[in-house]
Every structure is written in structure tokens, then in C-alpha cells.
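Novice: So here's start20.cif, just mmCIF, C-alpha atoms and all ligand atoms:
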```cif
data_run
#
loop_
_atom_site.group_PDB
_atom_site.id
_atom_site.type_symbol
_atom_site.label_atom_id
_atom_site.label_comp_id
_atom_site.auth_asym_id
_atom_site.auth_seq_id
_atom_site.Cartn_x
_atom_site.Cartn_y
_atom_site.Cartn_z
ATOM 1 C CA MET A 1 -5.975 -1.516 -28.488
ATOM 2 C CA ASN A 2 -4.969 2.106 -29.117
ATOM 3 C CA PHE A 3 -2.640 4.132 -26.880
ATOM 4 C CA ILE A 4 -5.347 6.069 -25.028
ATOM 5 C CA ASP A 5 -7.347 2.899 -24.255
ATOM 6 C CA LYS A 6 -4.213 1.001 -23.221
ATOM 7 C CA LEU A 7 -3.247 3.795 -20.858
ATOM 8 C CA GLY A 8 -6.734 3.893 -19.347
ATOM 9 C CA ALA A 9 -6.668 0.122 -18.818
ATOM 10 C CA ALA A 10 -3.210 0.314 -17.199
ATOM 11 C CA TRP A 11 -4.336 3.074 -14.802
ATOM 12 C CA THR A 12 -7.066 0.736 -13.595
ATOM 13 C CA ARG A 13 -5.223 -2.578 -13.737
ATOM 14 C CA ASN A 14 -2.210 -1.425 -11.699
ATOM 15 C CA ASP A 15 -4.065 1.303 -9.801
ATOM 16 C CA SER A 16 -1.223 3.553 -10.872
ATOM 17 C CA LEU A 17 -0.498 6.868 -12.585
ATOM 18 C CA LEU A 18 3.258 6.262 -12.297
ATOM 19 C CA CYS A 19 5.403 6.303 -15.440
ATOM 20 C CA VAL A 20 8.823 4.780 -14.836
ATOM 21 C CA GLY A 21 11.401 6.656 -16.894
ATOM 22 C CA LEU A 22 14.241 4.608 -18.368
ATOM 23 C CA ASP A 23 17.196 7.021 -18.478
ATOM 24 C CA PRO A 24 20.086 4.569 -18.004
ATOM 25 C CA ASP A 25 23.025 6.901 -17.382
ATOM 26 C CA LEU A 26 25.964 4.533 -17.904
ATOM 27 C CA ALA A 27 28.101 6.253 -15.269
ATOM 28 C CA ARG A 28 25.493 5.456 -12.597
ATOM 29 C CA LEU A 29 24.913 1.796 -13.460
ATOM 30 C CA PRO A 30 26.109 -0.834 -10.991
ATOM 31 C CA ALA A 31 29.764 -1.661 -11.754
ATOM 32 C CA HIS A 32 29.076 -5.207 -12.966
ATOM 33 C CA LEU A 33 26.655 -3.870 -15.615
ATOM 34 C CA ARG A 34 28.583 -0.736 -16.578
ATOM 35 C CA ASP A 35 31.315 -2.796 -18.198
ATOM 36 C CA ALA A 36 29.105 -5.503 -19.752
ATOM 37 C CA PRO A 37 28.335 -5.198 -23.503
ATOM 38 C CA ASP A 38 24.606 -5.665 -22.848
ATOM 39 C CA GLY A 39 24.683 -3.945 -19.454
ATOM 40 C CA ILE A 40 22.151 -1.217 -20.300
ATOM 41 C CA ALA A 41 19.577 -3.741 -21.497
ATOM 42 C CA ARG A 42 20.121 -5.952 -18.453
ATOM 43 C CA PHE A 43 19.796 -2.960 -16.128
ATOM 44 C CA CYS A 44 16.582 -1.740 -17.764
ATOM 45 C CA LYS A 45 15.031 -5.214 -17.870
ATOM 46 C CA ALA A 46 15.718 -5.679 -14.155
ATOM 47 C CA ILE A 47 14.073 -2.296 -13.434
ATOM 48 C CA ILE A 48 11.109 -3.210 -15.656
ATOM 49 C CA ASP A 49 10.602 -6.592 -13.968
ATOM 50 C CA ALA A 50 10.815 -4.950 -10.540
ATOM 51 C CA THR A 51 8.285 -2.183 -11.259
ATOM 52 C CA ALA A 52 5.905 -3.335 -14.016
ATOM 53 C CA ASP A 53 3.017 -4.078 -11.644
ATOM 54 C CA LEU A 54 3.359 -0.585 -10.142
ATOM 55 C CA ALA A 55 3.380 1.458 -13.359
ATOM 56 C CA CYS A 56 0.976 2.587 -16.082
ATOM 57 C CA ALA A 57 3.819 3.338 -18.509
ATOM 58 C CA PHE A 58 7.540 3.026 -19.189
ATOM 59 C CA LYS A 59 9.347 5.878 -20.911
ATOM 60 C CA PRO A 60 12.787 5.160 -22.375
ATOM 61 C CA GLN A 61 14.658 8.385 -23.179
ATOM 62 C CA ILE A 62 16.368 7.781 -26.526
ATOM 63 C CA ALA A 63 19.410 10.018 -25.911
ATOM 64 C CA TYR A 64 20.808 7.658 -23.275
ATOM 65 C CA PHE A 65 20.948 4.944 -25.924
ATOM 66 C CA ALA A 66 21.780 6.917 -29.068
ATOM 67 C CA ALA A 67 24.702 8.738 -27.424
ATOM 68 C CA LEU A 68 26.410 5.393 -26.890
ATOM 69 C CA GLY A 69 25.377 3.760 -30.152
ATOM 70 C CA ALA A 70 23.256 1.451 -28.000
ATOM 71 C CA GLU A 71 20.112 1.492 -30.134
ATOM 72 C CA GLN A 72 20.173 -2.308 -30.381
ATOM 73 C CA GLN A 73 19.795 -2.470 -26.632
ATOM 74 C CA LEU A 74 16.863 -0.025 -26.809
ATOM 75 C CA GLU A 75 15.265 -2.260 -29.459
ATOM 76 C CA GLU A 76 15.787 -5.251 -27.183
ATOM 77 C CA ILE A 77 14.210 -3.441 -24.215
ATOM 78 C CA CYS A 78 11.220 -2.323 -26.280
ATOM 79 C CA ALA A 79 10.707 -5.867 -27.600
ATOM 80 C CA TYR A 80 10.938 -7.170 -24.032
ATOM 81 C CA LEU A 81 8.286 -4.688 -22.878
ATOM 82 C CA ARG A 82 5.941 -5.526 -25.744
ATOM 83 C CA GLU A 83 6.273 -9.278 -25.187
ATOM 84 C CA ARG A 84 6.293 -9.485 -21.386
ATOM 85 C CA TYR A 85 4.213 -6.458 -20.412
ATOM 86 C CA PRO A 86 1.921 -5.668 -23.362
ATOM 87 C CA GLU A 87 -0.599 -4.082 -21.004
ATOM 88 C CA ILE A 88 1.792 -1.274 -19.993
ATOM 89 C CA ALA A 89 2.147 1.741 -22.303
ATOM 90 C CA LEU A 90 5.557 2.169 -23.965
ATOM 91 C CA ILE A 91 6.407 5.826 -24.534
ATOM 92 C CA LEU A 92 9.488 6.673 -26.558
ATOM 93 C CA ASP A 93 10.795 10.006 -25.305
ATOM 94 C CA ALA A 94 12.482 11.524 -28.354
ATOM 95 C CA LYS A 95 10.995 15.070 -28.466
ATOM 96 C CA ARG A 96 11.150 15.060 -32.253
ATOM 97 C CA GLY A 97 10.257 18.035 -34.474
ATOM 98 C CA ASP A 98 11.087 18.487 -38.156
ATOM 99 C CA ILE A 99 9.543 19.020 -41.606
ATOM 100 C CA GLY A 100 6.952 16.470 -42.679
ATOM 101 C CA ALA A 101 9.172 14.206 -44.801
ATOM 102 C CA THR A 102 11.733 13.906 -42.005
ATOM 103 C CA ALA A 103 9.036 13.614 -39.350
ATOM 104 C CA HIS A 104 7.694 10.608 -41.239
ATOM 105 C CA GLN A 105 11.071 8.889 -40.793
ATOM 106 C CA TYR A 106 11.086 9.755 -37.083
ATOM 107 C CA ALA A 107 7.581 8.278 -36.826
ATOM 108 C CA ARG A 108 8.768 5.066 -38.506
ATOM 109 C CA GLU A 109 11.641 4.916 -36.040
ATOM 110 C CA ALA A 110 9.373 5.332 -33.000
ATOM 111 C CA PHE A 111 6.440 3.195 -34.079
ATOM 112 C CA ASP A 112 7.898 0.583 -36.476
ATOM 113 C CA ARG A 113 11.487 0.177 -35.298
ATOM 114 C CA TYR A 114 10.870 0.470 -31.556
ATOM 115 C CA GLY A 115 7.161 -0.424 -31.571
ATOM 116 C CA ALA A 116 6.343 2.406 -29.172
ATOM 117 C CA ASP A 117 2.746 3.089 -28.199
ATOM 118 C CA ALA A 118 3.480 6.820 -28.114
ATOM 119 C CA VAL A 119 6.240 9.324 -28.813
ATOM 120 C CA THR A 120 7.030 12.790 -27.478
ATOM 121 C CA VAL A 121 7.168 15.575 -30.101
ATOM 122 C CA ASN A 122 7.988 19.271 -30.159
ATOM 123 C CA PRO A 123 5.240 21.562 -31.572
ATOM 124 C CA TYR A 124 7.565 24.424 -32.547
ATOM 125 C CA MET A 125 7.493 23.629 -36.297
ATOM 126 C CA GLY A 126 3.703 23.454 -36.467
ATOM 127 C CA PHE A 127 0.994 21.015 -37.480
ATOM 128 C CA ASP A 128 2.627 19.644 -40.625
ATOM 129 C CA SER A 129 5.604 18.564 -38.490
ATOM 130 C CA VAL A 130 3.299 16.620 -36.130
ATOM 131 C CA GLU A 131 0.758 15.267 -38.618
ATOM 132 C CA PRO A 132 3.000 12.443 -39.986
ATOM 133 C CA TYR A 133 2.889 10.704 -36.583
ATOM 134 C CA MET A 134 -0.910 10.682 -36.767
ATOM 135 C CA GLN A 135 -0.886 8.290 -39.712
ATOM 136 C CA TRP A 136 -0.343 5.645 -37.017
ATOM 137 C CA LYS A 137 -3.864 6.132 -35.655
ATOM 138 C CA ASP A 138 -3.511 3.645 -32.809
ATOM 139 C CA ARG A 139 -0.404 5.359 -31.396
ATOM 140 C CA GLY A 140 -0.101 8.373 -29.121
ATOM 141 C CA VAL A 141 1.417 11.741 -29.995
ATOM 142 C CA ILE A 142 2.558 13.535 -26.861
ATOM 143 C CA VAL A 143 3.190 17.228 -27.525
ATOM 144 C CA LEU A 144 5.460 19.410 -25.383
ATOM 145 C CA CYS A 145 3.365 22.153 -23.765
ATOM 146 C CA ARG A 146 4.776 23.452 -20.460
ATOM 147 C CA THR A 147 8.096 21.716 -19.836
ATOM 148 C CA SER A 148 9.513 21.040 -16.364
ATOM 149 C CA ASN A 149 12.783 22.951 -16.759
ATOM 150 C CA ALA A 150 13.245 26.549 -15.594
ATOM 151 C CA GLY A 151 14.251 27.684 -19.089
ATOM 152 C CA GLY A 152 10.910 26.478 -20.452
ATOM 153 C CA SER A 153 9.545 29.899 -19.461
ATOM 154 C CA ASP A 154 11.853 31.649 -21.952
ATOM 155 C CA LEU A 155 9.462 30.847 -24.799
ATOM 156 C CA GLN A 156 6.468 29.088 -23.256
ATOM 157 C CA PHE A 157 5.503 32.186 -21.230
ATOM 158 C CA LEU A 158 5.615 34.634 -24.145
ATOM 159 C CA ASP A 159 2.348 36.460 -24.635
ATOM 160 C CA VAL A 160 0.394 35.221 -27.651
ATOM 161 C CA GLY A 161 -2.797 37.219 -28.166
ATOM 162 C CA GLY A 162 -3.324 37.736 -24.422
ATOM 163 C CA GLN A 163 -2.354 34.262 -23.250
ATOM 164 C CA PRO A 164 0.973 32.547 -22.618
ATOM 165 C CA LEU A 165 2.280 30.404 -25.454
ATOM 166 C CA TYR A 166 1.909 27.161 -23.474
ATOM 167 C CA GLN A 167 -1.841 27.794 -23.113
ATOM 168 C CA HIS A 168 -2.068 28.519 -26.832
ATOM 169 C CA VAL A 169 -0.366 25.161 -27.493
ATOM 170 C CA ALA A 170 -2.797 23.392 -25.133
ATOM 171 C CA ARG A 171 -5.806 24.939 -26.941
ATOM 172 C CA LEU A 172 -4.367 24.270 -30.380
ATOM 173 C CA VAL A 173 -3.755 20.600 -29.639
ATOM 174 C CA ALA A 174 -7.091 20.073 -27.864
ATOM 175 C CA GLU A 175 -9.228 21.943 -30.387
ATOM 176 C CA LYS A 176 -7.479 21.494 -33.746
ATOM 177 C CA TRP A 177 -4.609 19.031 -33.859
ATOM 178 C CA ASN A 178 -6.219 16.132 -31.999
ATOM 179 C CA VAL A 179 -8.139 14.956 -35.057
ATOM 180 C CA ASN A 180 -7.963 11.234 -34.219
ATOM 181 C CA GLY A 181 -8.178 11.605 -30.430
ATOM 182 C CA GLN A 182 -4.617 10.294 -30.017
ATOM 183 C CA CYS A 183 -2.865 13.365 -28.546
ATOM 184 C CA ALA A 184 -1.543 14.020 -25.074
ATOM 185 C CA LEU A 185 0.505 16.910 -23.661
ATOM 186 C CA VAL A 186 3.693 17.231 -21.602
ATOM 187 C CA VAL A 187 3.311 19.488 -18.563
ATOM 188 C CA GLY A 188 5.976 19.578 -15.857
ATOM 189 C CA ALA A 189 5.218 18.679 -12.249
ATOM 190 C CA THR A 190 7.428 21.604 -11.258
ATOM 191 C CA PHE A 191 4.641 24.039 -12.256
ATOM 192 C CA PRO A 192 1.359 22.937 -10.593
ATOM 193 C CA GLU A 193 -0.451 26.213 -11.330
ATOM 194 C CA GLU A 194 0.203 25.857 -15.036
ATOM 195 C CA LEU A 195 -0.720 22.174 -14.811
ATOM 196 C CA ALA A 196 -4.120 23.181 -13.410
ATOM 197 C CA GLN A 197 -4.558 25.737 -16.216
ATOM 198 C CA VAL A 198 -3.786 23.105 -18.846
ATOM 199 C CA ARG A 199 -6.199 20.632 -17.255
ATOM 200 C CA ARG A 200 -8.951 23.275 -17.433
ATOM 201 C CA ILE A 201 -8.219 23.860 -21.128
ATOM 202 C CA VAL A 202 -7.925 20.262 -22.352
ATOM 203 C CA GLY A 203 -10.640 18.414 -20.404
ATOM 204 C CA GLU A 204 -9.855 14.711 -20.117
ATOM 205 C CA MET A 205 -6.774 14.651 -22.371
ATOM 206 C CA PRO A 206 -3.933 12.591 -20.829
ATOM 207 C CA LEU A 207 -0.943 14.554 -19.563
ATOM 208 C CA LEU A 208 2.630 13.282 -19.325
ATOM 209 C CA VAL A 209 3.935 14.924 -16.173
ATOM 210 C CA PRO A 210 7.695 14.682 -15.522
ATOM 211 C CA GLY A 211 9.404 16.540 -12.686
ATOM 212 C CA ILE A 212 8.684 14.669 -9.453
ATOM 213 C CA GLY A 213 11.598 12.843 -7.825
ATOM 214 C CA ALA A 214 15.004 14.182 -8.937
ATOM 215 C CA GLN A 215 13.561 17.535 -10.126
ATOM 216 C CA GLY A 216 11.772 18.076 -6.805
ATOM 217 C CA GLY A 217 8.155 18.512 -7.973
ATOM 218 C CA ASP A 218 5.568 18.191 -5.193
ATOM 219 C CA ILE A 219 3.417 15.076 -5.597
ATOM 220 C CA GLU A 220 0.355 16.358 -3.733
ATOM 221 C CA ALA A 221 0.279 19.658 -5.652
ATOM 222 C CA THR A 222 0.838 17.814 -8.939
ATOM 223 C CA VAL A 223 -1.958 15.314 -8.457
ATOM 224 C CA ARG A 224 -4.458 17.878 -7.191
ATOM 225 C CA ALA A 225 -3.689 20.165 -10.143
ATOM 226 C CA GLY A 226 -3.634 17.583 -12.912
ATOM 227 C CA ARG A 227 -6.162 14.895 -12.012
ATOM 228 C CA THR A 228 -9.356 14.485 -13.996
ATOM 229 C CA ALA A 229 -12.809 14.166 -12.443
ATOM 230 C CA GLY A 230 -12.211 10.412 -12.413
ATOM 231 C CA GLY A 231 -8.961 10.811 -10.437
ATOM 232 C CA ALA A 232 -6.689 9.800 -13.319
ATOM 233 C CA GLY A 233 -5.591 11.524 -16.551
ATOM 234 C CA MET A 234 -1.836 11.579 -15.920
ATOM 235 C CA MET A 235 1.360 9.642 -16.539
ATOM 236 C CA ILE A 236 3.499 11.046 -13.727
ATOM 237 C CA ASN A 237 7.101 10.293 -14.629
ATOM 238 C CA SER A 238 10.016 9.637 -12.338
ATOM 239 C CA SER A 239 13.335 8.431 -13.763
ATOM 240 C CA ARG A 240 16.530 8.935 -11.732
ATOM 241 C CA ALA A 241 14.878 8.745 -8.308
ATOM 242 C CA ILE A 242 13.678 5.216 -9.151
ATOM 243 C CA LEU A 243 16.534 3.974 -11.348
ATOM 244 C CA PHE A 244 19.245 5.049 -8.944
ATOM 245 C CA ALA A 245 17.473 4.657 -5.613
ATOM 246 C CA THR A 246 20.073 4.087 -2.937
ATOM 247 C CA PRO A 247 19.782 0.469 -1.787
ATOM 248 C CA GLU A 248 19.030 -0.168 1.859
ATOM 249 C CA GLU A 249 21.229 -2.706 3.628
ATOM 250 C CA GLY A 250 21.028 -6.080 1.883
ATOM 251 C CA GLU A 251 18.928 -4.723 -0.987
ATOM 252 C CA ASP A 252 19.976 -4.737 -4.667
ATOM 253 C CA PHE A 253 19.325 -1.916 -7.151
ATOM 254 C CA ALA A 254 16.152 -3.467 -8.559
ATOM 255 C CA ALA A 255 14.658 -4.041 -5.121
ATOM 256 C CA ALA A 256 15.510 -0.439 -4.192
ATOM 257 C CA ALA A 257 13.866 0.759 -7.410
ATOM 258 C CA ARG A 258 10.754 -1.264 -6.554
ATOM 259 C CA ARG A 259 10.616 0.213 -3.060
ATOM 260 C CA VAL A 260 10.820 3.787 -4.348
ATOM 261 C CA ALA A 261 8.385 3.100 -7.212
ATOM 262 C CA MET A 262 5.878 1.694 -4.724
ATOM 263 C CA GLU A 263 6.295 4.666 -2.381
ATOM 264 C CA THR A 264 5.829 7.021 -5.336
ATOM 265 C CA ARG A 265 2.774 5.232 -6.680
ATOM 266 C CA ASP A 266 1.204 5.172 -3.224
ATOM 267 C CA ALA A 267 1.995 8.845 -2.617
ATOM 268 C CA ILE A 268 0.315 9.704 -5.927
ATOM 269 C CA ASN A 269 -2.728 7.567 -5.104
ATOM 270 C CA ARG A 270 -3.207 9.341 -1.775
ATOM 271 C CA TYR A 271 -4.364 12.471 -3.646
ATOM 272 C CA ARG A 272 -6.225 11.028 -6.604
ATOM 273 C CA ALA A 273 -9.704 11.082 -5.082
ATOM 274 C CA VAL A 274 -11.492 14.268 -6.119
HETATM 275 O O1 LIG A 301 9.191 14.771 -22.280
HETATM 276 C C1 LIG A 301 9.701 14.459 -21.199
HETATM 277 O O2 LIG A 301 9.631 13.325 -20.801
HETATM 278 C C2 LIG A 301 10.247 15.528 -20.351
HETATM 279 C C3 LIG A 301 9.672 16.777 -20.488
HETATM 280 C C4 LIG A 301 9.976 17.788 -19.558
HETATM 281 O O3 LIG A 301 9.424 18.866 -19.598
HETATM 282 N N1 LIG A 301 10.865 17.505 -18.569
HETATM 283 C C5 LIG A 301 11.490 16.301 -18.454
HETATM 284 O O4 LIG A 301 12.252 16.120 -17.488
HETATM 285 N N2 LIG A 301 11.231 15.315 -19.376
HETATM 286 C C6 LIG A 301 11.949 14.012 -19.319
HETATM 287 O O5 LIG A 301 11.528 13.330 -18.141
HETATM 288 C C7 LIG A 301 12.630 12.655 -17.518
HETATM 289 C C8 LIG A 301 12.835 13.220 -16.122
HETATM 290 O O6 LIG A 301 13.788 12.485 -15.440
HETATM 291 P P1 LIG A 301 14.016 12.613 -13.852
HETATM 292 O O7 LIG A 301 14.207 14.086 -13.573
HETATM 293 O O8 LIG A 301 15.244 11.805 -13.590
HETATM 294 O O9 LIG A 301 12.799 12.069 -13.168
HETATM 295 C C9 LIG A 301 13.826 12.847 -18.456
HETATM 296 O O10 LIG A 301 13.856 11.739 -19.341
HETATM 297 C C10 LIG A 301 13.474 14.114 -19.225
HETATM 298 O O11 LIG A 301 14.057 14.103 -20.519
#
```
How would this structure read if it were set down as C-alpha cells?
Specialist:
Amino acid sequence: MNFIDKLGAAWTRNDSLLCVGLDPDLARLPAHLRDAPDGIARFCKAIIDATADLACAFKPQIAYFAALGAEQQLEEICAYLRERYPEIALILDAKRGDIGATAHQYAREAFDRYGADAVTVNPYMGFDSVEPYMQWKDRGVIVLCRTSNAGGSDLQFLDVGGQPLYQHVARLVAEKWNVNGQCALVVGATFPEELAQVRRIVGEMPLLVPGIGAQGGDIEATVRAGRTAGGAGMMINSSRAILFATPEEGEDFAAAARRVAMETRDAINRYRAV
């Protein structure tokens, strides 16, 4: 099953648009895992087991692993996801962008080494820097469009022939780059007006929407702006707010993560009906 179909099936199966981000900041791990050699993998697996029935996707952020030389643990987590939860989309967040020959190696890393269903990429270097990923026709290519950070406006709001650059990117991907129907776009939940603009431009194309939770994006505004006519169309990511949910009395970190993931999924679902 290709990425887009797998995502659609997961939206329905788990009645969820929630993407659980795996950003395992070592300093914030429970003490007994922080000092264990396989502590990151154990932490992420516990989070995955606690939230898999509530999510449409998991999104490991590669920097949290690569910075520590913990790629083996990322491999282990990805293998665990593929074996135990093959119905949930696995998105490798790497935001790659480079010339074609190098991009091909990044694509091998994402799709062959980690077995990801999709990878995030940066469009700044143009189509030939994104095309190598498309040789894996069953995988997703998720292109940065309107990012959630304040500084995203520095470039993404520049006027390009009468429209902001982010809208140009949305049109380019929807009308030209999406040759195999495998593309999606990143649009931050912190900018609902721009999210609505992108939805108008790209039709049913899936959107990866980070920025709720720790970055403070409003769930109601996000869902109303980004939903498709069918009340889906988004992978709404939350990482730190779920991973590092403060446990209630007697609760462990995984149970706390489950509680917050459930609250988030339910809050999203409240506004999905068109
Ligand atoms: O591509 C992304 O996932 C991404 C794009 C963007 O515009 N903003 C953004 O925050 N992200 C990622 O989404 C996650 C957000 O994490 P939290 O703010 O903890 O929910 C991080 O892994 C970011 O790297």
C-alpha cells in the first residue's frame, strides 16, 4: 500500500488526524532511561505502544538521534513501528534538500535504511533536488511550504509574481511536482489563515501540520482551516506536549502521553465535521 493510501486508511481506522512526533530530547527523558544505553529506543517504544491506536502517523525527528550518534536506536524504533504497527504511517522528519546525486543518498537513508513511508524535504533547491525521492513511488514526499516558526515569514512571505512564496510553492507542488500523486506539504498550525489558503490551492493533498501543543497553535482554527470536504486531509503533529506530558499522581510517562494524545485526538475530532 502506498503512503497516501496508508494514511487514508489510518485516518479511518483510528478515527484520528493526530501525528505523534518522536523528538526524544535526552535531557527530558525519565532518569532511569536517560542513563541507559538503549534508553531512547525504550522511551520511544513505550510512547508508541501507548499511543498507536490514537494516531494516524508517527514522526521521528532525525536530529534527536543523529546528534547523539543514536541512529541504531532510530533504526530499531522504525523496525518496531513497521513490524508492530504497519498500519500507521512512519514519517521521517529530516527536511533534506541537496543536489540530485546527494538527494538520492538521502532518499536511500530515509526509505531503505529506516524504511520510512514518507520523508520531509526542503524545496529551496528546486525540482531536481526533490525528484530523486520520487523514484520510490510508493513513498511520500512532504515538502516544506509554510513552516510553523516565526522566522518562516522571512522568505516564505516574499512576493513572487504577486503572491507570497509559500503559495507559489503550494501551486508548484500541486500542479507540477506531484507527478506520481505522492506529495504532501508542511503547513504550520500557528498560521491558520495561510493553512486555509494552502488548502484552497492544493485540493485534497495531505498536509503535515505541526505547531499545536508546545508551539501553541489553536486546534479549532487549525482543523477548520485545513480539513478537506471529507473532514480529513491532515497529519496534525504534536511532539513535546505528548512526549513530556506531566504525569498525574500515580501515572507513568507513557500513561500521561496516552492521556494527552487522547485529549488531542478528541479535540481535533470535535471540529472535523464540515
Ligand atoms: O517538518 C516538520 O515536522 C516541522 C515543520 C515546521 O514548520 N515546524 C515544526 O515544528 N516541525 C517539526 O514538528 C515538531 C514540532 O514539535 P513540538 O513543537 O514539540 O510539537 C518538531 O519535530 C519540528 O522539527
Novice: Starting from the displayed file, determine the output of the PyMOL selection byres (((not hetatm)) within 7 of (chain A and resi 301)) and express the residue list as a ChimeraX atom specification.
Specialist: /A:21,23,61,93,95,120,144,146-149,186-188,210-215,237-241
Novice: Which is closer to Ile242 of chain A than all the others in A:Ser153, A:Thr264, A:Gln182, A:Gln72, using all atoms listed in the file?
Specialist: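 Under the stated criterion, the closest residue is A:Thr264.
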Novice: Would you compute the distance between atom CA of Pro132 of chain A and atom CA of Asn178 of chain A? Give it in Å to one decimal.
Specialist: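 These two atoms are separated by 12.7 Å.
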Novice: Identify which of the residues A:Gly152, A:Gly250, A:Pro206, A:Gly231 lies closest to Arg270 of chain A, counting all atoms listed in the file when measuring atom-to-atom distances.
Specialist: A:Gly231
Novice: Starting from the PyMOL selection byres (((chain A and resi 227) around 9) and not hetatm), expand the selection into actual residues of this file and give them as a PyMOL selection string.
Specialist: chain A and resi 196+199+204+222-226+228-234+271-274
Novice: Please provide as a PDB file with C-alpha atoms, in the frame of the given file all residues within 8 Å of Phe43 of chain A, with the sequence filter that same-chain residues fewer than 2 positions apart are discarded (counting all atoms listed in the file).
Specialist:
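Saved to part08.pdb:
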```pdb
ATOM      1  CA  PRO A  24      20.086   4.569 -18.004  1.00  0.00           C
ATOM      2  CA  LEU A  29      24.913   1.796 -13.460  1.00  0.00           C
ATOM      3  CA  LEU A  33      26.655  -3.870 -15.615  1.00  0.00           C
ATOM      4  CA  GLY A  39      24.683  -3.945 -19.454  1.00  0.00           C
ATOM      5  CA  ILE A  40      22.151  -1.217 -20.300  1.00  0.00           C
ATOM      6  CA  ALA A  41      19.577  -3.741 -21.497  1.00  0.00           C
ATOM      7  CA  LYS A  45      15.031  -5.214 -17.870  1.00  0.00           C
ATOM      8  CA  ALA A  46      15.718  -5.679 -14.155  1.00  0.00           C
ATOM      9  CA  ILE A  47      14.073  -2.296 -13.434  1.00  0.00           C
TER      10      ILE A  47
END
```
Novice: Smallest atom-to-atom distance to Asn122 of chain A: which of A:Arg139, A:Arg265, A:Lys6, A:Arg96, using all atoms listed in the file?
Specialist: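 Checking each of A:Arg139, A:Arg265, A:Lys6, A:Arg96 against Asn122 of chain A, counting all atoms listed in the file, the winner is A:Arg96.
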Novice: So how many Å separate atom CA of Leu207 of chain A and atom CA of Ala184 of chain A, to one decimal?
Specialist: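 Going from atom CA of Leu207 of chain A over to atom CA of Ala184 of chain A, I get 5.6 Å.
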Novice: As an exercise, work out the distance from atom CA of Gly161 of chain A to atom CA of Met205 of chain A in Å and give it to one decimal place.
Specialist: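 Here the two named atoms are 23.6 Å from each other.
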Novice: Using all atoms listed in the file, which of A:Gly181, A:Met235, A:Asp25, A:Leu172 sits nearest Ile91 of chain A?
Specialist: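 Using all atoms listed in the file, Ile91 of chain A sits closest to A:Met235.
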Novice: Quick one: everything within 12 Å of Ile99 of chain A, counting all atoms listed in the file, minus sequence neighbours fewer than 3 positions away in the same chain. Send it as number ranges by chain.
Specialist: A: 96, 102-107, 122-133
Novice: Given the selection you just returned, output its residues as a file containing C-alpha atoms, formatted as a JSON list (two decimals), in the coordinates of the input.
Specialist:
```
[["chain", "number", "residue", "atom", "x", "y", "z"],
["A", 96, "ARG", "CA", 11.15, 15.06, -32.25],
["A", 102, "THR", "CA", 11.73, 13.91, -42.00],
["A", 103, "ALA", "CA", 9.04, 13.61, -39.35],
["A", 104, "HIS", "CA", 7.69, 10.61, -41.24],
["A", 105, "GLN", "CA", 11.07, 8.89, -40.79],
["A", 106, "TYR", "CA", 11.09, 9.76, -37.08],
["A", 107, "ALA", "CA", 7.58, 8.28, -36.83],
["A", 122, "ASN", "CA", 7.99, 19.27, -30.16],
["A", 123, "PRO", "CA", 5.24, 21.56, -31.57],
["A", 124, "TYR", "CA", 7.56, 24.42, -32.55],
["A", 125, "MET", "CA", 7.49, 23.63, -36.30],
["A", 126, "GLY", "CA", 3.70, 23.45, -36.47],
["A", 127, "PHE", "CA", 0.99, 21.02, -37.48],
["A", 128, "ASP", "CA", 2.63, 19.64, -40.62],
["A", 129, "SER", "CA", 5.60, 18.56, -38.49],
["A", 130, "VAL", "CA", 3.30, 16.62, -36.13],
["A", 131, "GLU", "CA", 0.76, 15.27, -38.62],
["A", 132, "PRO", "CA", 3.00, 12.44, -39.99],
["A", 133, "TYR", "CA", 2.89, 10.70, -36.58]]
```
Novice: Go through A:Ile48, A:Val179, A:Ala221, A:Ala245 one by one, measure the shortest atom-to-atom distance of each to Ile88 of chain A using all atoms listed in the file, and give the residue with the smallest value.
Specialist: A:Ile48
Novice: Assuming the chain letters and numbering stay as they are in my file, what does the PyMOL selection byres (((chain A and resi 138) around 12) and not hetatm) actually select? List them as a PDB file with C-alpha atoms, keeping the file's coordinate frame.
Specialist:
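Output saved as expr-v7.pdb:
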```pdb
ATOM      1  CA  MET A   1      -5.975  -1.516 -28.488  1.00  0.00           C
ATOM      2  CA  ASN A   2      -4.969   2.106 -29.117  1.00  0.00           C
ATOM      3  CA  PHE A   3      -2.640   4.132 -26.880  1.00  0.00           C
ATOM      4  CA  ILE A   4      -5.347   6.069 -25.028  1.00  0.00           C
ATOM      5  CA  ASP A   5      -7.347   2.899 -24.255  1.00  0.00           C
ATOM      6  CA  LYS A   6      -4.213   1.001 -23.221  1.00  0.00           C
ATOM      7  CA  LEU A   7      -3.247   3.795 -20.858  1.00  0.00           C
ATOM      8  CA  PHE A 111       6.440   3.195 -34.079  1.00  0.00           C
ATOM      9  CA  GLY A 115       7.161  -0.424 -31.571  1.00  0.00           C
ATOM     10  CA  ALA A 116       6.343   2.406 -29.172  1.00  0.00           C
ATOM     11  CA  ASP A 117       2.746   3.089 -28.199  1.00  0.00           C
ATOM     12  CA  ALA A 118       3.480   6.820 -28.114  1.00  0.00           C
ATOM     13  CA  VAL A 119       6.240   9.324 -28.813  1.00  0.00           C
ATOM     14  CA  TYR A 133       2.889  10.704 -36.583  1.00  0.00           C
ATOM     15  CA  MET A 134      -0.910  10.682 -36.767  1.00  0.00           C
ATOM     16  CA  GLN A 135      -0.886   8.290 -39.712  1.00  0.00           C
ATOM     17  CA  TRP A 136      -0.343   5.645 -37.017  1.00  0.00           C
ATOM     18  CA  LYS A 137      -3.864   6.132 -35.655  1.00  0.00           C
ATOM     19  CA  ARG A 139      -0.404   5.359 -31.396  1.00  0.00           C
ATOM     20  CA  GLY A 140      -0.101   8.373 -29.121  1.00  0.00           C
ATOM     21  CA  VAL A 141       1.417  11.741 -29.995  1.00  0.00           C
ATOM     22  CA  ASN A 180      -7.963  11.234 -34.219  1.00  0.00           C
ATOM     23  CA  GLY A 181      -8.178  11.605 -30.430  1.00  0.00           C
ATOM     24  CA  GLN A 182      -4.617  10.294 -30.017  1.00  0.00           C
ATOM     25  CA  CYS A 183      -2.865  13.365 -28.546  1.00  0.00           C
TER      26      CYS A 183
END
```
Novice: I need the residue nearest Phe191 of chain A from this list: A:Ile219, A:Ala261, A:Ala89, A:Ala255. Use only C-alpha atoms for the distance.
Specialist: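 Comparing A:Ile219, A:Ala261, A:Ala89, A:Ala255 against Phe191 of chain A, the winner is A:Ile219.
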Novice: For a cut-off of 12 Å around (6.7, -6.1, -23.5), file coordinates, pick out all residues using all atoms listed in the file and list them as number ranges by chain.
Specialist: A: 45, 48-49, 52, 57-58, 75-91, 114-117
Novice: Using all atoms of segment 185-199 of chain A listed in the file and a margin of 4 Å per side, can you give the axis-aligned box centre and edge lengths in Å to one decimal, as lines of an AutoDock Vina configuration file?
Specialist:
```
center_x = 0.6
center_y = 21.6
center_z = -17.1
size_x = 21.6
size_y = 17.3
size_z = 21.1
```
Novice: Can you tell me, as a list in words, what residues are no more than 10 Å from Gln197 of chain A when counting only C-alpha atoms, ignoring any on the same chain fewer than 5 positions away?
Specialist: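 Counting only C-alpha atoms, the residues come to Tyr166, Gln167, Ala170, Pro192, Val202, Ala225 and Gly226 of chain A.
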